[in-house]
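Asks: Sharing final36.cif below, mmCIF, C-alpha atoms (C1' of nucleotides) and all ligand atoms:
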data_target
loop_
_atom_site.label_atom_id
_atom_site.label_comp_id
_atom_site.auth_asym_id
_atom_site.auth_seq_id
_atom_site.Cartn_x
_atom_site.Cartn_y
_atom_site.Cartn_z
CA MET A 1 -7.44 15.30 17.66
CA GLU A 2 -7.49 19.08 17.63
CA ASP A 3 -3.80 18.92 16.79
CA LEU A 4 -4.47 16.66 13.83
CA ILE A 5 -7.08 19.05 12.49
CA LYS A 6 -4.66 21.93 12.80
CA ILE A 7 -1.97 20.00 10.98
CA LEU A 8 -4.34 19.27 8.11
CA GLN A 9 -5.57 22.85 7.95
CA SER A 10 -2.03 24.18 7.95
CA LYS A 11 -1.52 22.23 4.74
CA ASN A 12 -4.81 23.35 3.25
CA ILE A 13 -6.37 19.92 3.54
CA HIS A 14 -10.01 19.86 4.62
CA PRO A 15 -10.07 17.83 7.84
CA SER A 16 -12.66 15.18 7.10
CA HIS A 17 -13.28 12.33 9.50
CA GLN A 18 -11.44 9.88 7.26
CA ARG A 19 -8.45 12.15 6.76
CA ILE A 20 -8.10 12.80 10.48
CA LYS A 21 -8.15 9.08 11.23
CA ILE A 22 -5.59 8.33 8.54
CA LEU A 23 -3.29 11.02 9.89
CA GLU A 24 -3.78 9.63 13.39
CA ILE A 25 -2.75 6.15 12.25
CA LEU A 26 0.33 7.59 10.58
CA GLU A 27 1.22 9.41 13.79
CA ASN A 28 0.82 6.35 15.98
CA ASN A 29 2.87 4.08 13.80
CA GLU A 30 6.62 4.15 13.73
CA ASP A 31 6.54 1.74 10.82
CA HIS A 32 6.46 2.75 7.23
CA MET A 33 3.02 1.48 6.40
CA ASN A 34 1.62 0.57 3.04
CA VAL A 35 -1.93 1.26 1.90
CA ASN A 36 -3.20 -2.08 3.08
CA MET A 37 -1.81 -1.75 6.60
CA ILE A 38 -3.45 1.64 6.94
CA TYR A 39 -6.68 0.29 5.49
CA GLU A 40 -6.75 -2.62 7.96
CA GLU A 41 -6.21 -0.25 10.87
CA LEU A 42 -8.94 2.07 9.62
CA LEU A 43 -11.46 -0.76 9.35
CA LYS A 44 -11.44 -1.06 13.14
CA GLU A 45 -12.78 2.46 13.49
CA ILE A 46 -14.52 3.14 10.19
CA PRO A 47 -15.95 -0.17 8.94
CA THR A 48 -17.28 1.52 5.81
CA ILE A 49 -13.95 2.99 4.78
CA SER A 50 -13.01 2.50 1.17
CA LYS A 51 -9.53 1.61 0.00
CA THR A 52 -9.90 4.25 -2.69
CA THR A 53 -10.18 6.85 0.04
CA VAL A 54 -6.91 5.64 1.53
CA TYR A 55 -5.24 5.97 -1.85
CA ASN A 56 -6.76 9.38 -2.49
CA THR A 57 -5.92 10.68 0.94
CA LEU A 58 -2.33 9.51 0.85
CA SER A 59 -1.76 11.02 -2.55
CA THR A 60 -3.21 14.29 -1.28
CA PHE A 61 -0.98 14.10 1.77
CA ALA A 62 2.02 13.46 -0.45
CA GLU A 63 1.19 16.36 -2.76
CA LYS A 64 0.95 18.72 0.20
CA GLY A 65 4.17 17.39 1.66
CA LEU A 66 2.56 15.81 4.71
CA VAL A 67 3.98 12.37 3.95
CA HIS A 68 6.83 11.06 1.89
CA CYS A 69 6.54 8.16 -0.51
CA LEU A 70 9.10 5.40 -0.26
CA THR A 71 9.71 2.96 -3.09
CA ILE A 72 12.13 0.85 -1.08
CA THR A 73 9.97 -2.26 -1.41
CA PRO A 74 9.34 -3.20 -5.03
CA GLU A 75 5.85 -4.50 -4.31
CA GLU A 76 4.11 -1.47 -2.99
CA MET A 77 4.43 2.12 -1.87
CA ARG A 78 5.35 2.85 1.70
CA TYR A 79 4.46 6.05 3.50
CA ASP A 80 6.65 7.98 5.87
CA TYR A 81 5.29 10.52 8.31
CA ARG A 82 8.33 12.04 9.98
CA ALA A 83 9.19 15.67 9.66
CA LYS A 84 12.85 15.79 8.87
CA PRO A 85 14.22 13.85 5.92
CA HIS A 86 16.25 10.75 6.65
CA HIS A 87 17.35 7.53 5.02
CA HIS A 88 16.04 4.00 5.37
CA LEU A 89 17.16 0.45 5.84
CA LEU A 90 15.14 -2.47 4.54
CA CYS A 91 15.95 -5.57 6.56
CA THR A 92 15.90 -8.50 4.16
CA GLN A 93 15.31 -10.84 7.07
CA CYS A 94 12.38 -9.35 9.02
CA GLY A 95 11.15 -7.01 6.30
CA ARG A 96 11.07 -3.96 8.54
CA ILE A 97 11.92 -0.54 7.18
CA ILE A 98 14.01 1.33 9.70
CA ASP A 99 14.96 4.99 9.91
CA VAL A 100 18.67 5.52 9.53
CA ASP A 101 20.03 8.78 10.77
CA VAL A 102 23.12 9.29 8.70
CA GLN A 103 23.83 12.79 7.56
CA CYS A 104 23.67 12.96 3.78
CA PRO A 105 26.27 15.33 2.36
CA TYR A 106 23.83 16.27 -0.40
CA ALA A 107 20.97 17.04 1.94
CA ASP A 108 21.10 20.76 1.21
CA VAL A 109 22.39 20.53 -2.33
CA MET A 110 19.96 21.87 -4.89
CA GLU A 111 22.05 21.04 -7.91
CA ILE A 112 24.30 18.19 -8.97
CA ASP A 113 26.08 18.02 -12.27
CA GLY A 114 23.71 20.59 -13.76
CA HIS A 115 20.58 18.70 -12.69
CA ARG A 116 18.16 20.33 -10.29
CA ILE A 117 17.57 18.18 -7.21
CA GLU A 118 14.24 18.35 -5.45
CA GLU A 119 14.25 15.18 -3.42
CA ILE A 120 16.69 12.63 -2.05
CA GLN A 121 15.95 9.06 -1.06
CA GLY A 122 18.66 6.91 0.47
CA TYR A 123 17.88 3.22 0.71
CA PHE A 124 20.06 0.68 2.45
CA LYS A 125 19.41 -3.03 2.31
CA GLY A 126 20.83 -5.57 4.69
CA THR A 127 20.15 -7.12 8.07
CA CYS A 128 18.93 -5.06 10.97
CA ARG A 129 20.56 -4.93 14.39
CA GLU A 130 17.80 -6.98 16.02
CA CYS A 131 17.93 -9.77 13.45
CA LEU A 132 21.71 -9.89 13.77
CA SER A 133 21.63 -10.33 17.55
CA HIS A 134 18.83 -12.84 17.22
CA ASP A 135 20.93 -14.80 14.73
CA LYS A 136 23.83 -14.76 17.15
CA ALA A 137 21.64 -16.08 19.95
CA GLN A 138 20.46 -18.88 17.66
CA ILE A 139 24.01 -19.97 16.91
CA ILE A 140 24.91 -20.17 20.61
CA LYS A 141 21.86 -22.26 21.35
CA MET B 1 29.15 -12.07 -28.65
CA GLU B 2 31.98 -14.23 -27.38
CA ASP B 3 32.47 -11.62 -24.70
CA LEU B 4 28.86 -11.87 -23.63
CA ILE B 5 29.13 -15.64 -23.34
CA LYS B 6 32.21 -15.28 -21.20
CA ILE B 7 30.50 -12.79 -18.96
CA LEU B 8 27.58 -15.16 -18.43
CA GLN B 9 29.85 -18.13 -17.81
CA SER B 10 31.91 -16.17 -15.32
CA LYS B 11 28.73 -15.78 -13.30
CA ASN B 12 27.75 -19.43 -13.70
CA ILE B 13 24.85 -18.62 -15.96
CA HIS B 14 24.35 -20.99 -18.87
CA PRO B 15 24.63 -18.83 -22.00
CA SER B 16 21.43 -19.61 -23.84
CA HIS B 17 20.44 -17.68 -26.95
CA GLN B 18 17.83 -15.71 -25.03
CA ARG B 19 20.15 -14.84 -22.19
CA ILE B 20 22.90 -13.68 -24.53
CA LYS B 21 20.48 -11.41 -26.37
CA ILE B 22 19.13 -9.95 -23.16
CA LEU B 23 22.62 -9.22 -21.93
CA GLU B 24 23.42 -7.64 -25.30
CA ILE B 25 20.45 -5.32 -25.04
CA LEU B 26 21.49 -4.32 -21.54
CA GLU B 27 25.00 -3.57 -22.81
CA ASN B 28 23.81 -1.44 -25.70
CA ASN B 29 21.44 0.64 -23.68
CA GLU B 30 22.56 3.45 -21.45
CA ASP B 31 19.04 3.74 -20.15
CA HIS B 32 17.73 1.89 -17.18
CA MET B 33 15.26 -0.31 -18.95
CA ASN B 34 12.21 -2.00 -17.56
CA VAL B 35 11.01 -5.47 -18.51
CA ASN B 36 8.77 -4.20 -21.25
CA MET B 37 11.45 -2.12 -22.95
CA ILE B 38 13.75 -5.14 -23.00
CA TYR B 39 10.92 -7.35 -24.24
CA GLU B 40 10.11 -4.97 -27.09
CA GLU B 41 13.75 -4.88 -28.16
CA LEU B 42 13.98 -8.65 -28.01
CA LEU B 43 10.92 -9.11 -30.20
CA LYS B 44 12.90 -7.64 -33.12
CA GLU B 45 15.37 -10.49 -32.97
CA ILE B 46 13.47 -13.31 -31.29
CA PRO B 47 9.81 -12.99 -32.28
CA THR B 48 8.89 -16.00 -30.16
CA ILE B 49 10.40 -14.62 -26.96
CA SER B 50 8.21 -14.85 -23.90
CA LYS B 51 7.92 -12.10 -21.34
CA THR B 52 8.26 -14.74 -18.64
CA THR B 53 11.73 -15.49 -19.96
CA VAL B 54 12.65 -11.84 -19.60
CA TYR B 55 11.44 -11.87 -16.01
CA ASN B 56 13.22 -15.14 -15.24
CA THR B 57 16.45 -14.06 -16.88
CA LEU B 58 16.58 -10.71 -15.17
CA SER B 59 15.93 -12.25 -11.79
CA THR B 60 18.73 -14.75 -12.46
CA PHE B 61 21.00 -11.90 -13.52
CA ALA B 62 20.13 -10.01 -10.36
CA GLU B 63 20.76 -13.03 -8.14
CA LYS B 64 24.17 -13.52 -9.69
CA GLY B 65 24.97 -9.84 -9.38
CA LEU B 66 25.06 -9.16 -13.10
CA VAL B 67 22.43 -6.43 -12.89
CA HIS B 68 21.10 -4.21 -10.16
CA CYS B 69 17.43 -3.64 -9.54
CA LEU B 70 16.24 -0.08 -9.18
CA THR B 71 12.94 0.79 -7.53
CA ILE B 72 13.23 4.48 -8.36
CA THR B 73 10.02 4.44 -10.40
CA PRO B 74 7.03 3.28 -8.37
CA GLU B 75 5.41 1.59 -11.35
CA GLU B 76 7.94 -1.00 -12.30
CA MET B 77 11.42 -2.38 -11.75
CA ARG B 78 14.30 -0.86 -13.66
CA TYR B 79 17.50 -2.71 -14.42
CA ASP B 80 20.99 -1.31 -14.29
CA TYR B 81 23.91 -2.93 -16.03
CA ARG B 82 26.96 -0.91 -15.02
CA ALA B 83 29.81 -2.37 -13.08
CA LYS B 84 30.53 0.10 -10.35
CA PRO B 85 27.77 1.24 -8.03
CA HIS B 86 26.45 4.75 -8.45
CA HIS B 87 23.39 6.83 -7.71
CA HIS B 88 20.50 7.89 -9.90
CA LEU B 89 18.41 10.87 -10.81
CA LEU B 90 14.82 10.50 -11.96
CA CYS B 91 13.86 13.49 -14.07
CA THR B 92 10.24 14.28 -13.27
CA GLN B 93 9.94 16.10 -16.58
CA CYS B 94 11.32 13.70 -19.21
CA GLY B 95 11.18 10.56 -17.10
CA ARG B 96 14.77 9.54 -17.79
CA ILE B 97 16.85 7.86 -15.14
CA ILE B 98 20.34 9.27 -15.21
CA ASP B 99 23.53 8.04 -13.57
CA VAL B 100 24.83 10.46 -10.99
CA ASP B 101 28.43 10.12 -10.04
CA VAL B 102 28.55 11.50 -6.56
CA GLN B 103 30.78 9.69 -4.12
CA CYS B 104 28.72 8.22 -1.33
CA PRO B 105 30.48 8.42 2.02
CA TYR B 106 28.87 5.11 3.01
CA ALA B 107 29.97 3.28 -0.13
CA ASP B 108 32.44 1.10 1.75
CA VAL B 109 30.60 1.03 5.05
CA MET B 110 29.42 -2.44 6.02
CA GLU B 111 27.68 -1.40 9.20
CA ILE B 112 25.57 1.54 10.30
CA ASP B 113 24.08 1.88 13.75
CA GLY B 114 24.48 -1.86 14.37
CA HIS B 115 22.71 -2.84 11.14
CA ARG B 116 24.61 -4.80 8.50
CA ILE B 117 24.56 -3.01 5.15
CA GLU B 118 24.70 -5.06 1.97
CA GLU B 119 23.44 -2.61 -0.62
CA ILE B 120 23.00 1.11 -1.08
CA GLN B 121 20.63 2.87 -3.46
CA GLY B 122 20.69 6.62 -3.76
CA TYR B 123 17.79 8.15 -5.62
CA PHE B 124 17.50 11.81 -6.53
CA LYS B 125 14.39 13.31 -8.04
CA GLY B 126 14.25 16.60 -9.87
CA THR B 127 14.80 18.08 -13.31
CA CYS B 128 17.67 16.98 -15.48
CA ARG B 129 20.23 19.31 -17.06
CA GLU B 130 18.76 18.87 -20.54
CA CYS B 131 15.20 19.64 -19.49
CA LEU B 132 16.42 22.71 -17.60
CA SER B 133 18.22 24.15 -20.62
CA HIS B 134 15.27 23.29 -22.83
CA ASP B 135 13.00 25.15 -20.42
CA LYS B 136 15.25 28.15 -20.57
CA ALA B 137 15.20 28.12 -24.38
CA GLN B 138 11.41 28.01 -24.29
CA ILE B 139 11.23 31.07 -22.08
CA ILE B 140 13.46 33.05 -24.43
CA LYS B 141 11.34 32.12 -27.42
"C1'" DT C 1 19.31 -43.76 -28.57
"C1'" DA C 2 16.83 -43.16 -24.34
"C1'" DT C 3 16.48 -40.54 -20.26
"C1'" DT C 4 16.94 -36.66 -17.47
"C1'" DA C 5 17.50 -31.97 -16.42
"C1'" DA C 6 17.44 -27.14 -17.80
"C1'" DT C 7 15.25 -23.65 -20.24
"C1'" DT C 8 11.59 -21.53 -22.58
"C1'" DT C 9 6.89 -20.73 -23.61
"C1'" DA C 10 1.82 -20.19 -23.11
"C1'" DT C 11 -1.52 -19.29 -19.99
"C1'" DA C 12 -3.78 -18.19 -15.83
"C1'" DA C 13 -3.69 -16.01 -11.30
"C1'" DT C 14 -2.39 -12.40 -8.14
"C1'" DT C 15 -1.98 -7.88 -6.56
"C1'" DA C 16 -1.20 -2.82 -6.37
"C1'" DT C 17 -2.95 0.99 -8.39
"C1'" DT C 18 -5.94 3.97 -11.20
"C1'" DA C 19 -10.31 5.24 -13.51
"C1'" DT C 20 -15.18 5.96 -13.46
"C1'" DA C 21 -19.39 6.97 -11.90
"C1'" DA C 22 -22.75 6.97 -8.24
"C1'" DC C 23 -23.62 8.48 -3.67
"C1'" DT C 24 -23.29 11.55 0.49
"C1'" DA C 25 -22.35 15.41 3.30
"C1'" DT C 26 -21.76 20.38 3.61
"C1'" DG C 27 -22.28 25.19 3.15
"C1'" DG C 28 -24.20 28.98 1.03
"C1'" DA C 29 -27.83 31.36 -2.13
"C1'" DA C 30 -32.61 32.00 -2.91
"C1'" DT D 1 -36.23 25.84 4.83
"C1'" DT D 2 -35.22 24.29 0.20
"C1'" DC D 3 -32.26 24.13 -3.75
"C1'" DC D 4 -27.85 23.73 -5.69
"C1'" DA D 5 -22.89 23.42 -6.26
"C1'" DT D 6 -18.93 21.32 -4.58
"C1'" DA D 7 -15.86 18.40 -2.14
"C1'" DG D 8 -15.33 14.07 -0.37
"C1'" DT D 9 -16.38 9.17 -0.13
"C1'" DT D 10 -17.67 4.78 -1.81
"C1'" DA D 11 -18.48 0.81 -4.95
"C1'" DT D 12 -17.01 -1.13 -8.90
"C1'" DA D 13 -14.45 -1.99 -12.92
"C1'" DA D 14 -10.16 -1.56 -15.52
"C1'" DT D 15 -5.13 -1.56 -15.93
"C1'" DA D 16 -0.72 -3.26 -15.56
"C1'" DA D 17 3.35 -5.45 -13.31
"C1'" DT D 18 4.57 -9.59 -11.51
"C1'" DT D 19 4.29 -14.42 -10.18
"C1'" DA D 20 2.60 -19.25 -10.52
"C1'" DT D 21 1.80 -23.35 -13.10
"C1'" DA D 22 2.24 -26.62 -16.32
"C1'" DA D 23 3.30 -27.95 -21.03
"C1'" DA D 24 6.76 -27.82 -24.67
"C1'" DT D 25 11.30 -27.47 -26.25
"C1'" DT D 26 16.19 -27.80 -25.97
"C1'" DA D 27 20.45 -29.41 -24.13
"C1'" DA D 28 23.14 -32.73 -21.49
"C1'" DT D 29 24.12 -37.33 -20.08
"C1'" DA D 30 24.26 -42.26 -19.66
MN MN E 201 11.28 7.02 7.90
MN MN E 202 22.82 3.44 -13.47
ZN ZN E 203 15.46 -7.43 10.75
ZN ZN E 204 14.69 15.57 -18.09
#
Now, as a test, write the supplied structure out as structure tokens.
Replies:
Amino acid sequence: MEDLIKILQSKNIHPSHQRIKILEILENNEDHMNVNMIYEELLKEIPTISKTTVYNTLSTFAEKGLVHCLTITPEEMRYDYRAKPHHHLLCTQCGRIIDVDVQCPYADVMEIDGHRIEEIQGYFKGTCRECLSHDKAQIIK
Amino acid sequence: MEDLIKILQSKNIHPSHQRIKILEILENNEDHMNVNMIYEELLKEIPTISKTTVYNTLSTFAEKGLVHCLTITPEEMRYDYRAKPHHHLLCTQCGRIIDVDVQCPYADVMEIDGHRIEEIQGYFKGTCRECLSHDKAQIIK
DNA sequence: TATTAATTTATAATTATTATAACTATGGAA
DNA sequence: TTCCATAGTTATAATAATTATAAATTAATA
């Protein structure tokens, strides 16, 4: 709680009740949540929360570099709250978005082909480990 | 024209008038168009074209592997009609989506960390070469 | 030709996101 | 304390991409 407030303050974000709770949800969830998932979680603790606040807060967080926005799913924005940059796998079977720790050779590159690079997003699509082993178990059965 | 028909047939897509024209537009445009851009172009030649047809056609094309879907812009899907896979830069200044020919070390990898990989999308965000040089010219002025 | 299937179109519905304005809490000046 | 400015939140409406549905058209087939 105190930690969350400090994190917000370190990014010059006024630590309101709503913002603290949103950050807490992001911390407690390994997933890459969308606005609705966060909203549903929030409702349990702040029944009066507005979805607009979730949108506003997340866009503030993104501006200040507290979260990263993922466009890996075409439907809606996903939010990532992990410090160091990494790539992602979207499992087409279970729909999960999974961190992939492959070292990107361009991670520290600031310039490619004359273009200035400020951000890198690596998206993989396929079938996750768990779905694969589940499939295998199904076949045996 | 004949070429376009052959391309469609090779992918088992019936070469209707609409589909041929959509493929033609994709061929003649270096950009990574969205549905509306394609629709606007089509209107010049087929004034009765329906936007639903554009959606249907592009999703057929994507299924058959004739185009690739890019989610680099959060707002809407972009379509890429270039044979060999490559990465992309979104210029935050001019909004263009530019092909980036960096060799991805995972290009031929079928498996990472136990997950099966079927597709890779590399998105860079920053400022394109042209906008950078334009900026520089502005400063001098 | 008559019938069937494939494709296209018009239209409505859905859904994520943004815009707008009203409301509320907060922290200082008077 | 009271007044006021501001930031933050909420309710509500608007926007825009996409999908769903069913009718209309075209092409294929018997
Ligand atoms: Mn992640
Ligand atoms: Mn491209
Ligand atoms: Zn999975
Ligand atoms: Zn540019």
Asks: I want to know what sits within 10 Å of DA25 (chain C), based on only C-alpha atoms (C1' of nucleotides), with residues of the same chain fewer than 6 positions away left out; could you give that as a VMD selection string?
Replies: chain D and resid 7 to 9
Asks: For a quick test of understanding: name the residues of chain C lying within 12 Å of chain A when counting only C-alpha atoms (C1' of nucleotides), and present them as a PyMOL selection string.
Replies: chain C and resi 15-19+25-26
Asks: What residues of the protein or nucleic acid chains come within 12 Å of ligand MN 202 (chain E) when you use all atoms listed in the file? Reply as a count of residues only.
Replies: 35
Asks: Could you list, as a PyMOL selection string, every residue of chain D that has an atom within 10 Å of an atom of chain B, counting only C-alpha atoms (C1' of nucleotides)?
Replies: chain D and resi 16-19+26-27
Asks: Identify every residue of chain A that has at least one atom within 6 Å of any atom of chain B, counting only C-alpha atoms, and report the result as a PyMOL selection string.
Replies: chain A and resi 71+74+114-129
Asks: Within 10 Å of (19.8, -31.4, -15.3), in the coordinates the file gives, what residues turn up when you count only C-alpha atoms (C1' of nucleotides), written out as JSON, numbers by chain?
Replies: {"C": [4, 5, 6], "D": [27, 28, 29]}
Asks: What's the 12 Å shell around DT10 (chain D), counting all atoms listed in the file, without same-chain residues fewer than 2 positions away, as a PyMOL selection string?
Replies: (chain A and resi 47-54+56) or (chain C and resi 20-24) or (chain D and resi 8+12)
Asks: Please provide the set of residues having any atom within 8 Å of Ile25 (chain B), restricted to all atoms listed in the file, with same-chain residues fewer than 5 positions apart removed, written as a PyMOL selection string.
Replies: chain B and resi 38+41-42
Asks: Please, what is the axis-aligned box for every listed atom of region 77-89 of chain B with 4 Å on each side, as centre and edge lengths in Å to one decimal, as JSON?
Replies:
{"center_x": 21.0, "center_y": 4.0, "center_z": -11.9, "size_x": 27.1, "size_y": 21.8, "size_z": 16.3}
Asks: One number please: C1' of DA22 (chain D) to CA of His14 (chain B), in Å, one decimal.
Replies: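 Separation of C1' of DA22 (chain D) and CA of His14 (chain B): 23.0 Å.
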Asks: What gap, in Å, lies between C1' of DA20 (chain D) and C1' of DA12 (chain C)?
Replies: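 Computing it gives 8.4 Å between the two atoms.
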Asks: Residues at most 12 Å from DA23 (chain D), counting only C-alpha atoms (C1' of nucleotides), excluding those fewer than 3 positions away in the same chain, as a PyMOL selection string?
Replies: chain C and resi 8-11
Asks: Figure out the distance between CA of Lys6 (chain B) and CA of Thr57 (chain B), please, to one decimal in Å.
Replies: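 Atom-to-atom, CA of Thr57 (chain B) and CA of Lys6 (chain B) are spaced 16.4 Å apart.
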Asks: Could you give me, as a list of chain:residue names, the residues that sit within 9 Å of (24.5, -10.3, -23.5) in the file's coordinates, counting only C-alpha atoms (C1' of nucleotides)?
Replies: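 Those residues, ordered by chain and then number, are B:Met1, B:Asp3, B:Leu4, B:Ile5, B:Ile7, B:Leu8, B:Pro15, B:Gln18, B:Arg19, B:Ile20, B:Lys21, B:Ile22, B:Leu23, B:Glu24, B:Ile25, B:Leu26, B:Glu27.
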Asks: Kindly add N, CA and C atoms to the incomplete region 49-68 of chain B and provide the output as a short mmCIF file (atom, residue, chain, number, x, y, z; two decimals), in the coordinates of the input.
Replies:
data_model
loop_
_atom_site.label_atom_id
_atom_site.label_comp_id
_atom_site.auth_asym_id
_atom_site.auth_seq_id
_atom_site.Cartn_x
_atom_site.Cartn_y
_atom_site.Cartn_z
N ILE B 49 9.99 -14.80 -28.36
CA ILE B 49 10.40 -14.62 -26.96
C ILE B 49 9.19 -14.44 -26.05
N SER B 50 9.30 -14.97 -24.88
CA SER B 50 8.21 -14.85 -23.90
C SER B 50 8.61 -13.84 -22.82
N LYS B 51 7.63 -13.10 -22.38
CA LYS B 51 7.92 -12.10 -21.34
C LYS B 51 8.35 -12.79 -20.05
N THR B 52 7.84 -13.98 -19.83
CA THR B 52 8.26 -14.74 -18.64
C THR B 52 9.76 -14.99 -18.68
N THR B 53 10.28 -15.27 -19.84
CA THR B 53 11.73 -15.49 -19.96
C THR B 53 12.50 -14.23 -19.57
N VAL B 54 11.98 -13.08 -19.97
CA VAL B 54 12.65 -11.84 -19.60
C VAL B 54 12.64 -11.68 -18.09
N TYR B 55 11.51 -11.94 -17.47
CA TYR B 55 11.44 -11.87 -16.01
C TYR B 55 12.41 -12.87 -15.37
N ASN B 56 12.36 -14.10 -15.83
CA ASN B 56 13.22 -15.14 -15.24
C ASN B 56 14.69 -14.77 -15.41
N THR B 57 15.05 -14.37 -16.60
CA THR B 57 16.45 -14.06 -16.88
C THR B 57 16.94 -12.91 -16.02
N LEU B 58 16.15 -11.86 -15.95
CA LEU B 58 16.58 -10.71 -15.17
C LEU B 58 16.69 -11.06 -13.69
N SER B 59 15.81 -11.92 -13.22
CA SER B 59 15.93 -12.25 -11.79
C SER B 59 17.15 -13.16 -11.57
N THR B 60 17.47 -13.98 -12.55
CA THR B 60 18.73 -14.75 -12.46
C THR B 60 19.92 -13.80 -12.49
N PHE B 61 19.92 -12.88 -13.43
CA PHE B 61 21.00 -11.90 -13.52
C PHE B 61 21.17 -11.14 -12.20
N ALA B 62 20.07 -10.77 -11.61
CA ALA B 62 20.13 -10.01 -10.36
C ALA B 62 20.70 -10.87 -9.23
N GLU B 63 20.24 -12.11 -9.16
CA GLU B 63 20.76 -13.03 -8.14
C GLU B 63 22.27 -13.19 -8.24
N LYS B 64 22.74 -13.30 -9.48
CA LYS B 64 24.17 -13.52 -9.69
C LYS B 64 24.97 -12.21 -9.69
N GLY B 65 24.27 -11.12 -9.47
CA GLY B 65 24.97 -9.84 -9.38
C GLY B 65 25.37 -9.24 -10.72
N LEU B 66 24.71 -9.68 -11.77
CA LEU B 66 25.06 -9.16 -13.10
C LEU B 66 24.32 -7.86 -13.38
N VAL B 67 23.16 -7.70 -12.79
CA VAL B 67 22.43 -6.43 -12.89
C VAL B 67 22.00 -5.99 -11.49
N HIS B 68 21.66 -4.72 -11.40
CA HIS B 68 21.10 -4.21 -10.16
C HIS B 68 19.66 -3.77 -10.42
#
